[in-house]
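Below is the file upload_14.txt, which contains compact mmCIF, C-alpha atoms.
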# COMPACT_ATOMS: atom_id res chain seq x y z
CA MET G 1 0.00 0.00 0.00
CA THR G 2 1.46 3.35 -1.01
CA GLU G 3 0.54 6.96 -0.45
CA SER G 4 1.74 10.04 -2.28
CA LEU G 5 1.71 13.51 -0.79
CA ARG G 6 3.85 15.18 -3.47
CA GLY G 7 2.83 18.35 -5.19
CA SER G 8 -0.51 19.88 -5.98
CA ALA G 9 -2.32 21.23 -8.99
CA PRO G 10 -4.12 24.55 -9.37
CA ASN G 11 -7.30 23.06 -10.80
CA LEU G 12 -9.33 23.00 -7.59
CA ASP G 13 -11.53 25.29 -5.53
CA ARG G 14 -10.22 25.22 -1.97
CA ALA G 15 -13.54 26.15 -0.35
CA THR G 16 -15.23 23.27 -2.20
CA VAL G 17 -12.50 20.80 -1.21
CA ASP G 18 -12.83 21.91 2.42
CA HIS G 19 -16.60 21.54 2.23
CA PHE G 20 -16.34 17.95 1.07
CA GLY G 21 -13.84 17.19 3.81
CA GLU G 22 -16.45 18.35 6.31
CA GLU G 23 -19.24 16.48 4.51
CA TRP G 24 -17.50 13.12 4.36
CA SER G 25 -16.30 13.46 7.93
CA SER G 26 -19.94 13.93 8.97
CA PHE G 27 -21.46 11.35 6.63
CA THR G 28 -19.01 8.47 6.43
CA GLN G 29 -21.56 6.21 4.66
CA ASP G 30 -21.32 3.50 7.31
CA GLU G 31 -25.03 3.78 8.12
CA GLY G 32 -28.34 4.81 6.62
CA TRP G 33 -28.28 2.65 3.47
CA GLY G 34 -29.83 -0.59 4.69
CA SER G 35 -28.61 -4.04 3.68
CA ASP G 36 -28.45 -3.41 -0.05
CA GLY G 37 -29.17 0.30 -0.58
CA LEU G 38 -25.60 1.26 -1.45
CA ASP G 39 -25.35 -1.73 -3.81
CA LYS G 40 -28.39 -0.46 -5.72
CA VAL G 41 -26.95 3.03 -6.12
CA PHE G 42 -23.58 1.58 -7.14
CA ALA G 43 -25.36 -0.42 -9.85
CA GLN G 44 -27.04 2.76 -11.12
CA TYR G 45 -23.79 4.67 -11.37
CA PHE G 46 -21.87 1.81 -12.97
CA ALA G 47 -24.61 0.68 -15.37
CA SER G 48 -22.90 2.41 -18.31
CA LEU G 49 -19.59 0.65 -17.73
CA PRO G 50 -18.90 -2.02 -20.40
CA SER G 51 -19.34 -5.56 -19.12
CA GLY G 52 -16.12 -7.08 -17.85
CA ALA G 53 -14.25 -3.78 -17.56
CA LEU G 54 -13.79 -4.37 -13.83
CA ASN G 55 -11.87 -7.64 -13.57
CA LEU G 56 -9.09 -9.19 -11.51
CA ASN G 57 -6.44 -8.01 -13.98
CA ALA G 58 -7.65 -4.41 -14.14
CA VAL G 59 -5.77 -1.39 -12.79
CA VAL G 60 -8.32 1.26 -11.86
CA GLY G 61 -8.33 4.87 -10.66
CA ASP G 62 -10.97 6.52 -8.47
CA PHE G 63 -10.72 10.27 -9.14
CA GLY G 64 -12.22 12.09 -6.16
CA ALA G 65 -12.93 9.18 -3.84
CA GLY G 66 -14.57 11.11 -1.02
CA SER G 67 -15.44 8.68 1.76
CA GLY G 68 -14.37 5.70 -0.35
CA ARG G 69 -17.90 4.32 -0.63
CA TRP G 70 -17.58 3.38 -4.32
CA ALA G 71 -14.02 2.19 -3.87
CA THR G 72 -15.25 -0.44 -1.40
CA LYS G 73 -17.33 -1.94 -4.22
CA VAL G 74 -14.56 -1.72 -6.82
CA ALA G 75 -11.53 -2.89 -4.81
CA PRO G 76 -12.63 -6.55 -4.49
CA LEU G 77 -13.15 -6.77 -8.27
CA VAL G 78 -9.80 -5.48 -9.55
CA SER G 79 -6.04 -6.00 -9.34
CA GLN G 80 -5.09 -2.53 -8.13
CA LEU G 81 -7.08 0.57 -7.22
CA TYR G 82 -5.63 4.06 -7.01
CA VAL G 83 -7.70 6.29 -4.73
CA LEU G 84 -7.20 10.00 -5.41
CA GLU G 85 -8.67 12.58 -3.02
CA PRO G 86 -7.46 16.16 -2.37
CA SER G 87 -9.18 16.68 1.00
CA PRO G 88 -7.11 15.44 3.97
CA ALA G 89 -10.26 14.98 6.05
CA ALA G 90 -12.01 12.94 3.35
CA MET G 91 -8.85 10.92 2.70
CA SER G 92 -8.73 10.01 6.39
CA VAL G 93 -12.28 8.63 6.13
CA ALA G 94 -11.45 6.76 2.91
CA ARG G 95 -8.35 5.16 4.44
CA GLN G 96 -10.41 3.87 7.35
CA THR G 97 -13.22 2.71 5.06
CA LEU G 98 -10.78 0.82 2.82
CA SER G 99 -8.41 -0.45 5.50
CA ARG G 100 -9.32 -4.10 4.89
CA PHE G 101 -8.06 -4.01 1.29
CA ASN G 102 -4.39 -4.52 0.43
CA ASN G 103 -4.65 -3.55 -3.25
CA VAL G 104 -5.39 0.16 -2.70
CA SER G 105 -2.90 2.99 -3.21
CA TYR G 106 -3.73 6.42 -1.82
CA ILE G 107 -2.89 9.67 -3.61
CA ALA G 108 -3.64 12.82 -1.63
CA GLU G 109 -3.85 15.17 -4.61
CA PRO G 110 -6.42 16.80 -6.89
CA ILE G 111 -7.04 15.56 -10.41
CA GLY G 112 -3.99 16.58 -12.45
CA GLY G 113 -1.52 16.11 -9.60
CA PRO G 114 1.82 14.49 -10.42
CA SER G 115 1.51 11.11 -8.75
CA MET G 116 -1.22 9.25 -10.65
CA PRO G 117 0.64 7.04 -13.18
CA GLU G 118 0.20 8.02 -16.81
CA GLY G 119 -1.03 5.58 -19.42
CA ARG G 120 -1.42 2.72 -16.94
CA LEU G 121 -5.09 2.54 -16.02
CA ASP G 122 -7.56 0.15 -17.62
CA VAL G 123 -10.50 1.98 -16.04
CA ALA G 124 -10.90 5.42 -14.48
CA TYR G 125 -14.05 6.67 -12.80
CA SER G 126 -15.06 10.01 -11.33
CA LEU G 127 -18.56 10.24 -9.92
CA GLY G 128 -19.96 13.61 -8.88
CA VAL G 129 -16.56 15.33 -8.80
CA ILE G 130 -15.56 17.03 -12.06
CA HIS G 131 -18.50 19.47 -12.02
CA HIS G 132 -17.02 20.85 -8.76
CA ILE G 133 -13.64 21.63 -10.39
CA PRO G 134 -12.93 25.10 -11.86
CA ASP G 135 -11.81 23.73 -15.25
CA PRO G 136 -13.73 20.50 -15.91
CA GLU G 137 -12.32 20.05 -19.40
CA GLN G 138 -8.75 20.18 -18.11
CA ALA G 139 -9.69 17.60 -15.49
CA LEU G 140 -10.98 15.33 -18.26
CA ARG G 141 -7.69 15.74 -20.13
CA ASP G 142 -5.81 14.80 -16.98
CA VAL G 143 -7.94 11.69 -16.49
CA ARG G 144 -7.45 10.81 -20.15
CA ALA G 145 -3.66 10.91 -19.69
CA THR G 146 -3.79 8.16 -17.05
CA LEU G 147 -5.63 5.65 -19.27
CA LYS G 148 -4.20 3.00 -21.57
CA PRO G 149 -5.18 2.97 -25.26
CA GLY G 150 -8.71 1.59 -25.28
CA GLY G 151 -9.12 2.32 -21.57
CA VAL G 152 -12.54 3.19 -20.18
CA PHE G 153 -13.65 6.30 -18.33
CA LEU G 154 -16.87 6.22 -16.30
CA GLY G 155 -18.15 9.66 -15.35
CA TYR G 156 -21.05 11.36 -13.65
CA LEU G 157 -21.54 15.07 -14.27
CA TYR G 158 -24.52 17.07 -13.05
CA TYR G 159 -26.98 17.54 -15.86
CA ALA G 160 -28.24 20.92 -17.07
CA LEU G 161 -31.84 19.68 -16.68
CA ASP G 162 -31.88 19.31 -20.46
CA ASN G 163 -34.46 16.53 -20.24
CA ARG G 164 -36.76 18.34 -17.78
CA PRO G 165 -39.78 20.65 -18.31
CA SER G 166 -39.55 24.41 -17.78
CA TRP G 167 -41.35 24.34 -14.42
CA PHE G 168 -38.79 21.84 -13.09
CA LYS G 169 -35.96 24.11 -14.22
CA ALA G 170 -37.61 27.07 -12.46
CA ILE G 171 -37.65 25.14 -9.18
CA TRP G 172 -34.00 24.28 -9.64
CA ARG G 173 -33.06 27.93 -10.30
CA ALA G 174 -34.73 28.91 -7.03
CA SER G 175 -32.88 26.17 -5.16
CA ASP G 176 -29.59 27.30 -6.68
CA LYS G 177 -30.10 30.75 -5.21
CA VAL G 178 -30.52 29.07 -1.85
CA ARG G 179 -27.28 27.16 -2.47
CA SER G 180 -25.36 30.36 -3.21
CA TRP G 181 -26.33 31.59 0.27
CA VAL G 182 -26.08 28.36 2.26
CA SER G 183 -22.68 27.41 0.83
CA GLN G 184 -21.12 30.54 2.35
CA LEU G 185 -22.25 29.75 5.90
CA PRO G 186 -19.95 28.35 8.61
CA ALA G 187 -19.93 24.53 8.66
CA SER G 188 -22.10 24.12 11.77
CA ARG G 189 -24.70 26.61 10.57
CA LYS G 190 -24.68 25.05 7.11
CA ARG G 191 -25.49 21.66 8.63
CA GLN G 192 -28.39 23.13 10.63
CA VAL G 193 -29.92 24.70 7.54
CA THR G 194 -29.51 21.64 5.31
CA ASP G 195 -30.83 19.28 8.00
CA THR G 196 -33.91 21.50 8.21
CA VAL G 197 -34.32 21.39 4.42
CA ALA G 198 -34.01 17.60 4.53
CA ALA G 199 -36.76 17.42 7.15
CA LEU G 200 -39.15 19.97 5.63
CA VAL G 201 -38.59 19.45 1.88
CA TYR G 202 -36.82 16.19 1.06
CA TRP G 203 -38.70 13.96 3.49
CA PRO G 204 -42.28 15.10 2.66
CA LEU G 205 -41.72 15.01 -1.12
CA ALA G 206 -39.96 11.64 -0.96
CA ARG G 207 -42.65 10.04 1.17
CA ALA G 208 -45.43 11.57 -0.94
CA SER G 209 -43.77 10.07 -4.01
CA ARG G 210 -43.66 6.68 -2.32
CA LEU G 211 -47.37 6.91 -1.50
CA LEU G 212 -48.33 8.02 -5.01
CA SER G 213 -46.17 5.35 -6.60
CA GLY G 214 -47.89 2.73 -4.46
CA LEU G 215 -51.21 3.97 -5.83
CA GLY G 216 -49.95 3.56 -9.38
CA VAL G 217 -49.40 7.27 -10.04
CA PRO G 218 -46.27 8.09 -12.14
CA VAL G 219 -43.83 10.12 -10.06
CA ALA G 220 -40.79 10.48 -12.34
CA GLN G 221 -41.34 14.24 -12.72
CA VAL G 222 -41.98 14.85 -9.01
CA PRO G 223 -38.99 16.70 -7.50
CA LEU G 224 -36.95 14.48 -5.18
CA SER G 225 -38.98 11.38 -6.06
CA GLN G 226 -35.66 9.51 -6.33
CA TYR G 227 -35.54 9.60 -2.52
CA SER G 228 -38.78 7.67 -2.08
CA ASP G 229 -36.88 4.60 -0.86
CA LYS G 230 -33.99 6.42 0.85
CA SER G 231 -33.38 6.90 4.55
CA PHE G 232 -33.38 10.28 6.29
CA TYR G 233 -29.60 9.89 6.71
CA VAL G 234 -29.20 9.85 2.93
CA MET G 235 -31.53 12.83 2.56
CA ARG G 236 -29.52 14.84 5.11
CA ASN G 237 -26.28 13.94 3.34
CA ASP G 238 -27.63 14.88 -0.07
CA ALA G 239 -29.21 18.12 1.14
CA LEU G 240 -25.80 19.14 2.46
CA ASP G 241 -24.19 18.02 -0.79
CA ARG G 242 -26.69 19.89 -2.95
CA LEU G 243 -26.98 23.14 -1.01
CA GLY G 244 -23.66 23.37 0.79
CA THR G 245 -21.17 23.08 -2.07
CA PRO G 246 -19.61 26.41 -3.13
CA LEU G 247 -18.73 25.48 -6.72
CA GLU G 248 -21.18 23.61 -8.94
CA GLN G 249 -21.45 23.43 -12.74
CA ARG G 250 -23.98 21.64 -14.96
CA PHE G 251 -23.77 20.26 -18.47
CA THR G 252 -25.98 18.97 -21.27
CA ARG G 253 -25.29 15.70 -23.03
CA VAL G 254 -23.99 17.64 -26.00
CA GLN G 255 -21.62 19.70 -23.86
CA ILE G 256 -20.27 16.59 -22.14
CA THR G 257 -19.69 14.87 -25.48
CA GLU G 258 -17.89 17.93 -26.89
CA MET G 259 -15.64 18.24 -23.83
CA LEU G 260 -14.70 14.57 -23.99
CA LEU G 261 -13.91 14.84 -27.69
CA ARG G 262 -11.62 17.82 -27.10
CA ALA G 263 -10.01 15.95 -24.18
CA GLY G 264 -8.98 13.16 -26.55
CA PHE G 265 -11.59 10.47 -25.91
CA ASP G 266 -13.21 8.40 -28.67
CA THR G 267 -16.76 9.72 -28.42
CA SER G 268 -18.02 7.12 -30.91
CA THR G 269 -17.80 4.69 -27.96
CA MET G 270 -19.94 6.79 -25.61
CA ILE G 271 -22.74 5.20 -23.63
CA PHE G 272 -25.10 7.49 -21.73
CA SER G 273 -27.37 6.15 -19.02
CA GLU G 274 -31.04 6.84 -19.76
CA SER G 275 -32.05 6.69 -16.10
CA GLU G 276 -31.13 8.73 -13.05
CA PRO G 277 -28.70 9.96 -11.95
CA PHE G 278 -28.03 12.21 -14.97
CA TRP G 279 -25.62 12.27 -16.66
CA CYS G 280 -23.76 9.01 -16.14
CA PHE G 281 -21.72 7.85 -19.11
CA SER G 282 -18.77 5.76 -20.21
CA VAL G 283 -16.30 6.43 -23.01
CA ARG G 284 -13.06 4.89 -24.22
CA THR G 285 -9.71 6.32 -25.23
CA PRO G 286 -8.66 5.62 -28.84
CA GLU G 287 -7.31 2.11 -29.36
CA ASN G 288 -4.26 3.48 -31.16
CA GLY G 289 -3.43 5.76 -28.26
CA GLY G 290 -3.98 8.90 -30.35

What's the C-alpha cells form of this structure?
Amino acid sequence: MTESLRGSAPNLDRATVDHFGEEWSSFTQDEGWGSDGLDKVFAQYFASLPSGALNLNAVVGDFGAGSGRWATKVAPLVSQLYVLEPSPAAMSVARQTLSRFNNVSYIAEPIGGPSMPEGRLDVAYSLGVIHHIPDPEQALRDVRATLKPGGVFLGYLYYALDNRPSWFKAIWRASDKVRSWVSQLPASRKRQVTDTVAALVYWPLARASRLLSGLGVPVAQVPLSQYSDKSFYVMRNDALDRLGTPLEQRFTRVQITEMLLRAGFDTSTMIFSESEPFWCFSVRTPENGG
C-alpha cells in the first residue's frame, strides 16, 4: 500500500475541497443505506460501464474518492485501485473505510496532480466530482492521460436539466439561489440549515412520491422522487451536498460529449445512461493511443 503527498495542482476550488472534507467526515456512509441500498446506487452509477471492464487483472483509478464508498465496491473486483482525493479529512475517512483491502494505493492530490501514473489505467471513474472543479475540461484531459489505449472512463456530471420541463428548471433555479447563500455559511450553521431542508422538503416530497407510486401514479417528474426509498440519513447527506457546495457546474449531453472529444476520448464509444442519476456515461480512449 502506497501513499503520495507530493505536489498539488491549481485546478481546484479550496472552499469546495474543504466543504467535502467536512461532509464526508460527517457522513461516512457506514449507516443509513440498509442491507443493499448502497449496492443499488452503485449499480445505477456503474450501469454504463462495459461488461467485464472491472476484472481481476484491471488497474483502476478513483478520481475524487470522497469517503471511499464506491471504492469499497470496486476494490474486491480489480487487481489494483488508485484512490485519489485532495481533502485530507475525506482521505482520512477513505483510508479507514478501505483499511481491509491490500490492493489500494492512496494519492492525496487533486485531479492533475503528479503522482497518478500516466497511461497505466484500464479503467478510471469520477462520480460527482468534475463538475465541482474550476476547469472541468482540463480535469478530463488529466484523467485521459492516465488511461491505456482503449481504456474506459466512467463519469457522472450534473446535468443541465436538459431533459426536464420548464417548471422543473424554475424550481432548480430557485434552489440554486438558496445554495449560493447556504454554501457561504460556517460549517455548523450550514449543517443546521440543510438538516432543516431535509426534514421539511426532502422527506415530505420523498414520502409523498412513495405513497403516489404505491397507488400507481407516475412520479418520475416529481422533484426528489428519487428519494422515495432512501433513509433520512441519505436525505440529510444529499441536502448538504446539494446546497452546501460552493462550486457547482452543470452540463448537457452535447456539452459533455464535446468536452470529452476535445479531451482526446473516442466519443463514438460513448454510452449514456437513460435513467437517473443524470448524466452518467462511459467512453473509451482511442485504441491506437492517439

Would you mind reading off the distance between CA of Leu121 in chain G and CA of Ser105 in chain G, one decimal, in Å?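 Here the two named atoms are 13.0 Å from each other.
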
Pick from G:Leu247, G:Leu200, G:Val123, G:Leu212, whichever lies nearest to His19 in chain G using only C-alpha atoms: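 Closest to His19 in chain G of all the choices is G:Leu247.
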
Could you jot down the CA of Leu127 in chain G to CA of Tyr156 in chain G separation for me, Å, one decimal place? 4.6 Å

Sorted by chain and rising residue number, list the residues of range 102-178 of chain G at most 9 Å from range 48-52 of chain G (counting all atoms listed in the file), each with its closest atom pair and distance in Å to one decimal, as CSV.
residue,atom,partner,partner_atom,distance
G:Val152,CA,G:Leu49,CA,7.9
G:Phe153,CA,G:Leu49,CA,8.2
G:Leu154,CA,G:Leu49,CA,6.4

Pick from G:Val60, G:Val41, G:Leu215, G:Ala47: nearest to Glu274 in chain G, with only C-alpha atoms counted?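 So, comparing all the options, the nearest one is G:Ala47.
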
Taken to one decimal, the CA of Ala170 in chain G-CA of Ala220 in chain G distance is 16.9 Å

Return the single residue from G:Asp229, G:Asp30, G:Asp176, G:Glu276 that is closest to Arg250 in chain G, with distances computed using all atoms listed in the file.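 Smallest distance to Arg250 in chain G is found for G:Asp176.
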
For a cut-off of 9 Å around (-16.4, 18.4, -20.1), file coordinates, pick out all residues using only C-alpha atoms and list them as number ranges by chain. G: 130-131, 135-140, 157, 251, 255-263

Which is closer to Asp162 in chain G than all the others in G:Thr252, G:Ser228, G:Ser25, G:Ser282, using all atoms listed in the file?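 Checking each candidate against Asp162 in chain G, we get G:Thr252 as the closest.
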
Which residues come within 12 Å of Ser126 in chain G, counting only C-alpha atoms, excluding same-chain residues fewer than 6 positions away, as a ChimeraX atom specification? /G:45-46,60-66,68,70-71,82-85,110-111,132-133,136,139-140,142-144,152-158,280-282

Store the residues picked out above, limited to C-alpha atoms, as a PDB file, in the coordinates of the input.
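Saved file part.pdb follows:
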ATOM      1  CA  TYR G  45     -23.790   4.670 -11.370  1.00  0.00           C
ATOM      2  CA  PHE G  46     -21.870   1.810 -12.970  1.00  0.00           C
ATOM      3  CA  VAL G  60      -8.320   1.260 -11.860  1.00  0.00           C
ATOM      4  CA  GLY G  61      -8.330   4.870 -10.660  1.00  0.00           C
ATOM      5  CA  ASP G  62     -10.970   6.520  -8.470  1.00  0.00           C
ATOM      6  CA  PHE G  63     -10.720  10.270  -9.140  1.00  0.00           C
ATOM      7  CA  GLY G  64     -12.220  12.090  -6.160  1.00  0.00           C
ATOM      8  CA  ALA G  65     -12.930   9.180  -3.840  1.00  0.00           C
ATOM      9  CA  GLY G  66     -14.570  11.110  -1.020  1.00  0.00           C
ATOM     10  CA  GLY G  68     -14.370   5.700  -0.350  1.00  0.00           C
ATOM     11  CA  TRP G  70     -17.580   3.380  -4.320  1.00  0.00           C
ATOM     12  CA  ALA G  71     -14.020   2.190  -3.870  1.00  0.00           C
ATOM     13  CA  TYR G  82      -5.630   4.060  -7.010  1.00  0.00           C
ATOM     14  CA  VAL G  83      -7.700   6.290  -4.730  1.00  0.00           C
ATOM     15  CA  LEU G  84      -7.200  10.000  -5.410  1.00  0.00           C
ATOM     16  CA  GLU G  85      -8.670  12.580  -3.020  1.00  0.00           C
ATOM     17  CA  PRO G 110      -6.420  16.800  -6.890  1.00  0.00           C
ATOM     18  CA  ILE G 111      -7.040  15.560 -10.410  1.00  0.00           C
ATOM     19  CA  HIS G 132     -17.020  20.850  -8.760  1.00  0.00           C
ATOM     20  CA  ILE G 133     -13.640  21.630 -10.390  1.00  0.00           C
ATOM     21  CA  PRO G 136     -13.730  20.500 -15.910  1.00  0.00           C
ATOM     22  CA  ALA G 139      -9.690  17.600 -15.490  1.00  0.00           C
ATOM     23  CA  LEU G 140     -10.980  15.330 -18.260  1.00  0.00           C
ATOM     24  CA  ASP G 142      -5.810  14.800 -16.980  1.00  0.00           C
ATOM     25  CA  VAL G 143      -7.940  11.690 -16.490  1.00  0.00           C
ATOM     26  CA  ARG G 144      -7.450  10.810 -20.150  1.00  0.00           C
ATOM     27  CA  VAL G 152     -12.540   3.190 -20.180  1.00  0.00           C
ATOM     28  CA  PHE G 153     -13.650   6.300 -18.330  1.00  0.00           C
ATOM     29  CA  LEU G 154     -16.870   6.220 -16.300  1.00  0.00           C
ATOM     30  CA  GLY G 155     -18.150   9.660 -15.350  1.00  0.00           C
ATOM     31  CA  TYR G 156     -21.050  11.360 -13.650  1.00  0.00           C
ATOM     32  CA  LEU G 157     -21.540  15.070 -14.270  1.00  0.00           C
ATOM     33  CA  TYR G 158     -24.520  17.070 -13.050  1.00  0.00           C
ATOM     34  CA  CYS G 280     -23.760   9.010 -16.140  1.00  0.00           C
ATOM     35  CA  PHE G 281     -21.720   7.850 -19.110  1.00  0.00           C
ATOM     36  CA  SER G 282     -18.770   5.760 -20.210  1.00  0.00           C
TER      37      SER G 282
END

Each residue of range 181-225 of chain G lying at most 10 Å from range 11-18 of chain G should get a row with its shortest atom-to-atom pair and the distance in Å to one decimal, counting all atoms listed in the file; could you produce that, ordered by chain and increasing number, as JSON lines?
{"residue": "G:Ser183", "atom": "CA", "partner": "G:Thr16", "partner_atom": "CA", "distance": 9.0}
{"residue": "G:Gln184", "atom": "CA", "partner": "G:Ala15", "partner_atom": "CA", "distance": 9.2}
{"residue": "G:Ala187", "atom": "CA", "partner": "G:Asp18", "partner_atom": "CA", "distance": 9.8}

Using only C-alpha atoms, pick whichever of G:Leu224, G:Leu56, G:Leu81, G:Val197 has the shortest atom-to-atom distance to Arg210 in chain G.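 Residue with the minimum atom-to-atom distance to Arg210 in chain G: G:Leu224.
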